[in-house]
Every structure is written in structure tokens, then in C-alpha cells.
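Quick notes on the structure that follows.
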Amino acid sequence: MSIPHAAPTEIAIHRPGAQRMGFFTDTTTCIGCKACEVACKQWNDLPADGSVFRKGGSYDHTGSLSANTWRHVRFVETLQPEGGPTLPSIPPTQGQHDWDLRDPGSWLFMSDVCKHCTNAGCLDACPTGALIRTEFETVVLQPDICNGCGYCIPSCPFGVVDRDHDDGRAAKCTLCYDRLEDGLEPACAKACPTDSIQFGPYEELVDRAQRRVTRLHEKGRSSAYLYGAGDAPGEELAGGLGAFFLLTEAPERYGLPAQAQSPEQENLVPATLAGVGAGILAAVGVAAAMAFGRRR
Amino acid sequence: MSANRNGAGGHRDAAMTRGQAAQARSRADQAREAEQRRGEQAGDAEAVRPPALGTPASPGPWDRAQEGADVALHERDWGDARWSFLYGPDTDYASAAESDVEALRAAARDARTGDPPKIVQGQMMKPPVWTWEIPLYFWFGGMASGSSFVALACDLVGDERAARVARLVAAGAICPCPPLLIADLGRPERFYNMLRIFKPRSPMSMGAWALAAFSGSAFGAAGADLLGRRRTAQALGGLAATVGSYFGSYTGILLATTAVPVWSRSRTFLGPIFVATATATGAAAVRTALSAVDTPEAEPTRQALGRIATGAMTVELVLSEVNERRLGRLALALHEGTPGRLFTAAKWLARTGIAARVGRRRLPSWSEHVGDAAHLTAALCFRYAWVEAGKHSARDDEAVARTARARATAAEPDAELTVVEDR
């Protein structure tokens with residue numbers, strides 16, 4: 001398998017011998033314990049979100065990825081809530097019940113994180129050079145440079161990066177760049193008790209993920225697929241995701257887009273050609289209208 | 001891989017020479033000692049551990065585990081990651097057989113193409129965080145670049161007085177731009193980082209440079225006028241108009257180059273729409289300024305400016321209409337809520353301005369100023385509406401999901417979706 005690489009023109013740290021590192025998040029082994037969220041907050045010194053059920057119809061109390069939440073275990077309730085945005089009632093596990101607690105189809109968990117895209121929209125958008133590509137081909141935001149312009153936020157097709165209201169700077173997962181430099185695995189992967197979050201050299205990780213999907217297919221879970229890795233050329237998500245996922249439902253069920261590309265790489269050339277063309281046309285048009293008025 | 005399974009705890013005898021193992025052991029010992037020393041220096045256990053509540057949005061400070069240690073990188077084989085039971089010989093987590101890559105690709109393709117699933121559970125993407133300063137900046141910037149076009153045109157036809165007024169309007173309109181942009185930053189005191197790099201790939205970076213170049217040449221031109229340097233003023237005015245052809249359109253390019261459905265799907269329309277509005281505001285502003293400095297109404301430049309403002313606003317209305325029709329489902333963001341009201345107001349104001357121009361022979365003379373004011377207000381409403389529509393569209397999980405599946409615009413097949421409210 002060939003590893004997708006970012007364009008060499010990016011602002012990047014180079015170090016001989018370093019290789020692409022990534023996350024493989026296997027949603028079939030996630031138990032929704034949120035240990036990764038806690039470990040991430042502890043290592044990166046991020047404030048808590050508070051224990052409020054803020055999403056209607058869900059037991060997830062984190063909400064979403066944000067400037068202060070760099071790992072987020074998304075709870076996807078496939079239980080049908082009884083009308084309105086209420087929490088679905090979970091039947092008692094003792095005695096008679098028709099809901100099987102062991103059935104993973106009733107409740108999906110997915111530990112969401114920055115995708116560290118090969119074609120990263122946030123990195124392409126950043127006007128200050130605060131967002132850079134590291135030697136591990138991850139995308140890191142340098143908090144000492146970011147001036148909080150907010151352009152990376154609508155440029156991320158996955159809705160990852162966000163600006164902190166009080167702090168004023170954007171922030172997101174660093175794939176524990178500080179730990180990587182010391183040869184340690186990221187805090188979330190270290191904390192994950194079921195190894196739903198796996199970390200390693202990209203090539204190895206993809207190979208393992210593919211074998212995992214093959215095993216699931218062998219077992220009859222034919223809906224399992226990899227989101228963001230191993231795709232055919234031209235079909236990759238944002239050029240291939242540094243942090244990819246094993247999913248069993250359609251991506252939209254987890255709040256992920258079915259297709260994604262760095263908006264800069266997709267739209268910049270047509271938008272600029274149309275815009276600058278119209279600008280020149282306008283300048284010429286104004287001069288023509290002025291001259292026309294003279295002659296009359 | 002299995003030979004390295006115990007890499008973190010024990011020593012990988014199979015992969016390591018005796019010397020390397022000893023080295024690793026001594027490194028580990030040194031690290032332990034350093035940790036112990038630090039603990040002793042800190043005094044109590046509480047001081048060693050960083051607090052759980054820290055500085056928002058910044059990673060905690062860190063020291064290398066070992067002072068002056070080599071950066072480990074892959075030489076250590078990332079042994080830390082390999083402790084897991086998942087890779088034991090007795091588990092069947094992953095298939096031992098070589099994967100059929102084509103079958104896996106087909107599985108991913110099935111899930112990611114075709115019709116979307118019945119249920120979408122957001123949040124799909126984050127809405128832009130820009131507040132009122134940004135559309136106001138777009139408006140002033142558009143007015144400045146429109147005025148620079150007018151100044152160039154006046155120079156070309158030889159109306160020096162009007163050219164001077166237009167250059168002054170351009171310089172005046174650019175004044176509030178930098179403060180507005182800086183005020184919108186999360187960290188205004190770091191505004192100078194915008195000019196830290198030159199990045200053609202980022203419209204925000206190019207816009208910052210265009211603003212610097214435009215305001216430099218516009219101020220230079222206005223200053224040269226005050227000093228009576230006619231040729232210099234004309235040259236700098238020409239430079240400002242050249243930069244202005246990008247400066248007036250880049251705001252549309254900036255919005256189009258995002259993942260927001262309604263903006264990105266209007267990518268070839270936003271630049272032209274923004275330039276049309278800019279030209280209309282520039283002409284209307286210069287015309288108002290000309291009447292303020294007692295230019296007779298029948299003066300050809302003033303008449304031509306009325307024509308230009310009306311023509312540009314008509315182009316903007318036509319482009320908006322065409323764009324809305326082709327956007328299909330995504331045009332909801334332009335019709336509903338606050339952006340919908342703003343768009344309606346903007347369109348009626350623009351029509352008022354056009355009507356004042358068309359019926360000028362039957363209307364009293366002050367109707368000309370009403371028309372200019374209507375054009376200027378319409379442009380302001382258009383700017384606010386476009387920025388608000390982007391926020392609306394990004395919060396619309398269905399719109400984002402359908403755009404990713406190419407099921408959003410009028411030209412694409414329709415799809416049924418239920419959105420689970422998730423915020």
C-alpha cells in the first residue's frame with residue numbers, strides 16, 4: 001500500500017527518519033467510557049465541559065469536538081426516542097426486556113478526533129502559518145502564533161477546529177506532538193482500555209485496520225468499512241485521513257461527511273478566476289460607461 | 001511485529017543487541033532518577049501534577065522526560081503502542097490472511113456514495129465565528145475598490161476634479177477597514193501575524209496583503225493629490241484600481257473557499273456578485289460626494305456614475321437570482337430566518353435605487369440621493385445577508401450531509417433525510 005503524503009509546498013517540519021503516524025479508531029470495540037476524553041484533557045491541560053446532557057435525544061454530555069475538547073466520544077443512539085427530543089428510555093436489564101444490552105447495534109460509540117488530513121483545509125486556510133505539518137505528517141496549531149482570525153473553522157469539512165470564546169485562539173488535537181517527540185504514544189490511545197483507539201506508523205495501522213475489516217466481514221458484519229484509509233486513488237477523503245475510522249453505519253450517522261476535500265484545493269482556482277475576471281471586467285466596464293457618457 | 005510485542009515493558013532481546021539493551025536500560029534508569037529528583041524538589045505530590053483545569057485552548061507546558069535526550073522517533077519502534085492484548089497470538093481481532101483490498105474499497109464506496117442514509121445525526125460542521133465587523137468591512141472594502149475603479153475611469157476620460165474626489169472617497173472608505181478586521185480577531189494584539197507569511201493558497205493571507213497594498217496606494221494617491229502631484233496621484237490611483245480588481249472580489253473568493261455549503265456551491269458566483277456590489281457602492285458613494293462638492297447635476301461624470309451604480313446593481317440582482325435558482329435545496333439558507341429577511345430588504349432597496357434612476361425625469365431632483373442611499377444600504381444588507389447565510393447553512397446538518405453526497409443543488413438528484421437535532 002502506498003502512504004498518501006501531503007504536498008511538499010506546505011509549511012512543514014522535516015526531520016530525517018520520521019514517518020507518518022496516525023490513529024486508527026475502531027468503533028466496534030469502543031465501549032463509550034470516555035477515558036480518552038479525560039486523558040486528553042489531563043495531558044493537554046484543557047478545562048472540563050461540565051456534566052450536562054446538552055444534546056436532545058442523546059446520553060452524550062460532551063456535545064461535540066471543540067477548542068477545549070480534542071477527543072469526543074460520540075454516542076449514536078439507534079434506540080427510537082418516544083416522540084420529541086427526549087432521552088430514549090433504557091429498559092431495565094433484569095427480568096423481561098426486549099432490548100439486548102450486548103447488541104452493539106442498539107448504541108454506537110465513536111471516539112471522534114481531528115482527522116489530520118493529507119489535504120488539510122485548516123492548514124491551507126491559515127493566513128498566519130500557525131497551522132503547520134509536522135515531521136509525523138500530522139497537523140498542529142501553534143498557539144503562540146494563532147491570532148484567532150477564525151478562517152480555519154469554516155474551512156474544515158469535518159467541523160473539528162474551533163475558536164475558544166474566552167481565549168480567542170483556535171485549538172484542536174495535536175496528535176500529542178509533544179509526546180510523539182519523546183517517543184510516547186498519544187494520551188488517548190494510551191488510556192483506551194479496549195484499544196478502540198490505536199496509534200502507530202501509518203502503513204502498519206492501515207494494514208491492521210484492513211485485516212480487522214476482513215475479519216468482521218468473515219464474521220458476517222458486512223456493513224463494516226474503513227472511513228478515510230485504503231481508498232482507491234481519486235476516492236480518498238481529503239487525500240486520505242491521518243486519523244481514520246472503522247464504521248458500521250453510513251458516515252452521516254456519526255456526523256461525518258460522505259465525501260470531503262480541502263475547500264482551498266477544491267474551490268480556490270475556479271473562485272479566483274471568476275472573481276478576478278469579474279473585477280477586471282468591472283474596472284473596464286466603469287471606464288467604458290464613463291467614456292460613453294462623454295461622447296453623448 | 002510480534003517479536004516487538006513487549007517493547008515497552010521488557011527488552012526486545014530478539015531485535016536488540018546486548019549493547020543497545022544496556023543503553024536502553026541506563027536511559028530508563030536515568031529517567032526514573034530525574035523524575036524522582038523533580039518530585040523531591042517539588043516537595044509535595046500536588047505540585048508535581050499539573051491541575052486538571054488549565055489554560056483554555058493551549059496545551060500544557062512540558063519538559064522532555066530526560067534532559068538532552070535524543071528524539072526517539074521510530075528507532076524505538078514505537079514499542080509503547082504495542083502492549084495490547086489485541087495483537088496476541090490467541091486473539092482473533094484481525095484476520096491473518098492478506099486483505100482483499102478491492103473488496104474493502106468496495107465496502108467503503110458503498111457506504112460513502114449513492115443515496116444518503118435516512119437519519120443524519122450532527123453536528124456536521126462548525127459555523128463561522130465572524131461577527132458584525134466582517135460584513136461591515138466587506139462593505140467598506142467594496143466601496144473603496146469601487147471608488148478606485150471610478151477614479152481610474154475619470155482619469156482616462158480627463159475629468160481630474162472627479163478623479164480627485166473619487167481617490168479621496170477610496171482613501172476614506174479604506175480607513176475603517178483595518179480596525180474592523182483587527183477587532184474581529186480572537187487575539188487583536190497579534191494582528192501583525194497576518195503579514196507574517198505570503199500564502200497564495202489562502203485567500204485570507206492574500207486578502208491581508210491586498211488590503212495592505214490597496215490602502216498604501218490609495219493613501220499615497222490621496223496624499224499626492226493634496227501635494228498637487230498630479231502624475232504621481234494618477235499612477236498610484238491606477239495601481240489602487242489594479243489591486244482593487246482583486247481586493248473587491250477576494251471577499252467573495254474568501255467565502256467561496258470554505259466547506260460551508262451555500263458559499264462553496266456558489267463559488268463561481270460569489271466573486272462576481274461581490275465585485276458588482278462593490279462597483280455599485282463605489283459609484284454611489286462618489287456620486288454623493290460629487291454632489292456634496294457642488295457638481296452640477298447635468299455634469300456628465302455625475303450622470304455616468306448614476307448609470308454605473310444602477311447597471312452594477314442590476315448585474316448583482318440578476319446574478320443573485322440565477323445563483324439562487326441553481327442552488328436548489330441550499331438556497332433555503334438565503335430565504336429563511338435573519339439572512340432571508342436581509343436578502344429581501346437588500347433586493348427591495350436595490351430595486352428602489354434602480355427605480356429612482358429609471359424614473360428620474362418624472363421624479364424630484366432629490367430622488368437621485370434617495371437612489372444612491374438605497375444602493376449603499378442594499379449593498380450593506382447583501383454583505384450581512386451573505387455572511388449570515390453561511391452560518392445558517394453550516395448549522396443545517398441536512399444541507400452539509402447532502403452537499404457531501406452531491407444531493408444538494410437543483411441539478412443534482414433529490415434525497416429524503418431526517419435530521420436528529422443534536423445541539
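Every chain in the C-alpha cells has a letter given in the order shown (A, B, ...), and although residue numbers restart at 1 in each chain, ligands are simply numbered from 1 in the order shown.
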Would you please extract all strand (DSSP E or B) residues from segment 226-264 of chain A, as assigned by DSSP on the backbone, and give them as a PyMOL selection string?
chain A and resi 226-227+241+243-247
Using backbone DSSP assignments, extract all helix (DSSP H, G or I) residues from segment 237-282 of chain B; output them as JSON, numbers by chain.
{"B": [237, 238, 239, 240, 241, 242, 243, 244, 245, 246, 247, 250, 251, 252, 253, 254, 255, 256, 261, 262, 263, 264, 267, 268, 269, 270, 271, 272, 273, 274, 275, 276, 277, 278, 279, 280, 281, 282]}
Env of Ile3 of chain A: 10 Å cut, atoms = only C-alpha atoms, seq-sep filter 6 positions within chain, self excluded. Answer as a list in words.
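Non-adjacent residues within range: Arg20, Thr118, Tyr202, Glu203, Val206, Ala229, Gly230, Gly240 and Gly242 of chain A.
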For Tyr250 of chain B, which of B:Gly141, B:Glu412, B:Gly353, B:Asn323 is the closest residue, counting only C-alpha atoms?
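With only C-alpha atoms as the atom set, the closest residue is B:Gly141.
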Tell me which of B:Glu297, B:Asp225, B:Glu398, B:Glu160 sits closest to chain A, counting only C-alpha atoms.
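Nearest to chain A: B:Glu398.
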Contacts of Glu135 of chain A at 6 Å (only C-alpha atoms; same-chain gap of 5+ positions) as a ChimeraX atom specification
/A:13-15,18
Compile the contact shell of Gly337 of chain B as a count of residues only: residues with an atom at most 12 Å away, counting only C-alpha atoms, same-chain residues fewer than 2 positions apart removed.
16
With a distance cut-off of 9 Å and only C-alpha atoms, select the neighbouring residues of Thr251 of chain B, excluding the residue or stretch itself and same-chain residues fewer than 2 positions from it, and output the selection as a list in words.
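Final neighbour list, sorted by chain and number: Phe138, Gly141, Gly142, Pro203, Met204, Gly207, Tyr246, Phe247, Gly248, Ser249, Ile253, Leu254, Leu255, Ala256, Leu270, Gly271, Phe274 and Val275 of chain B.
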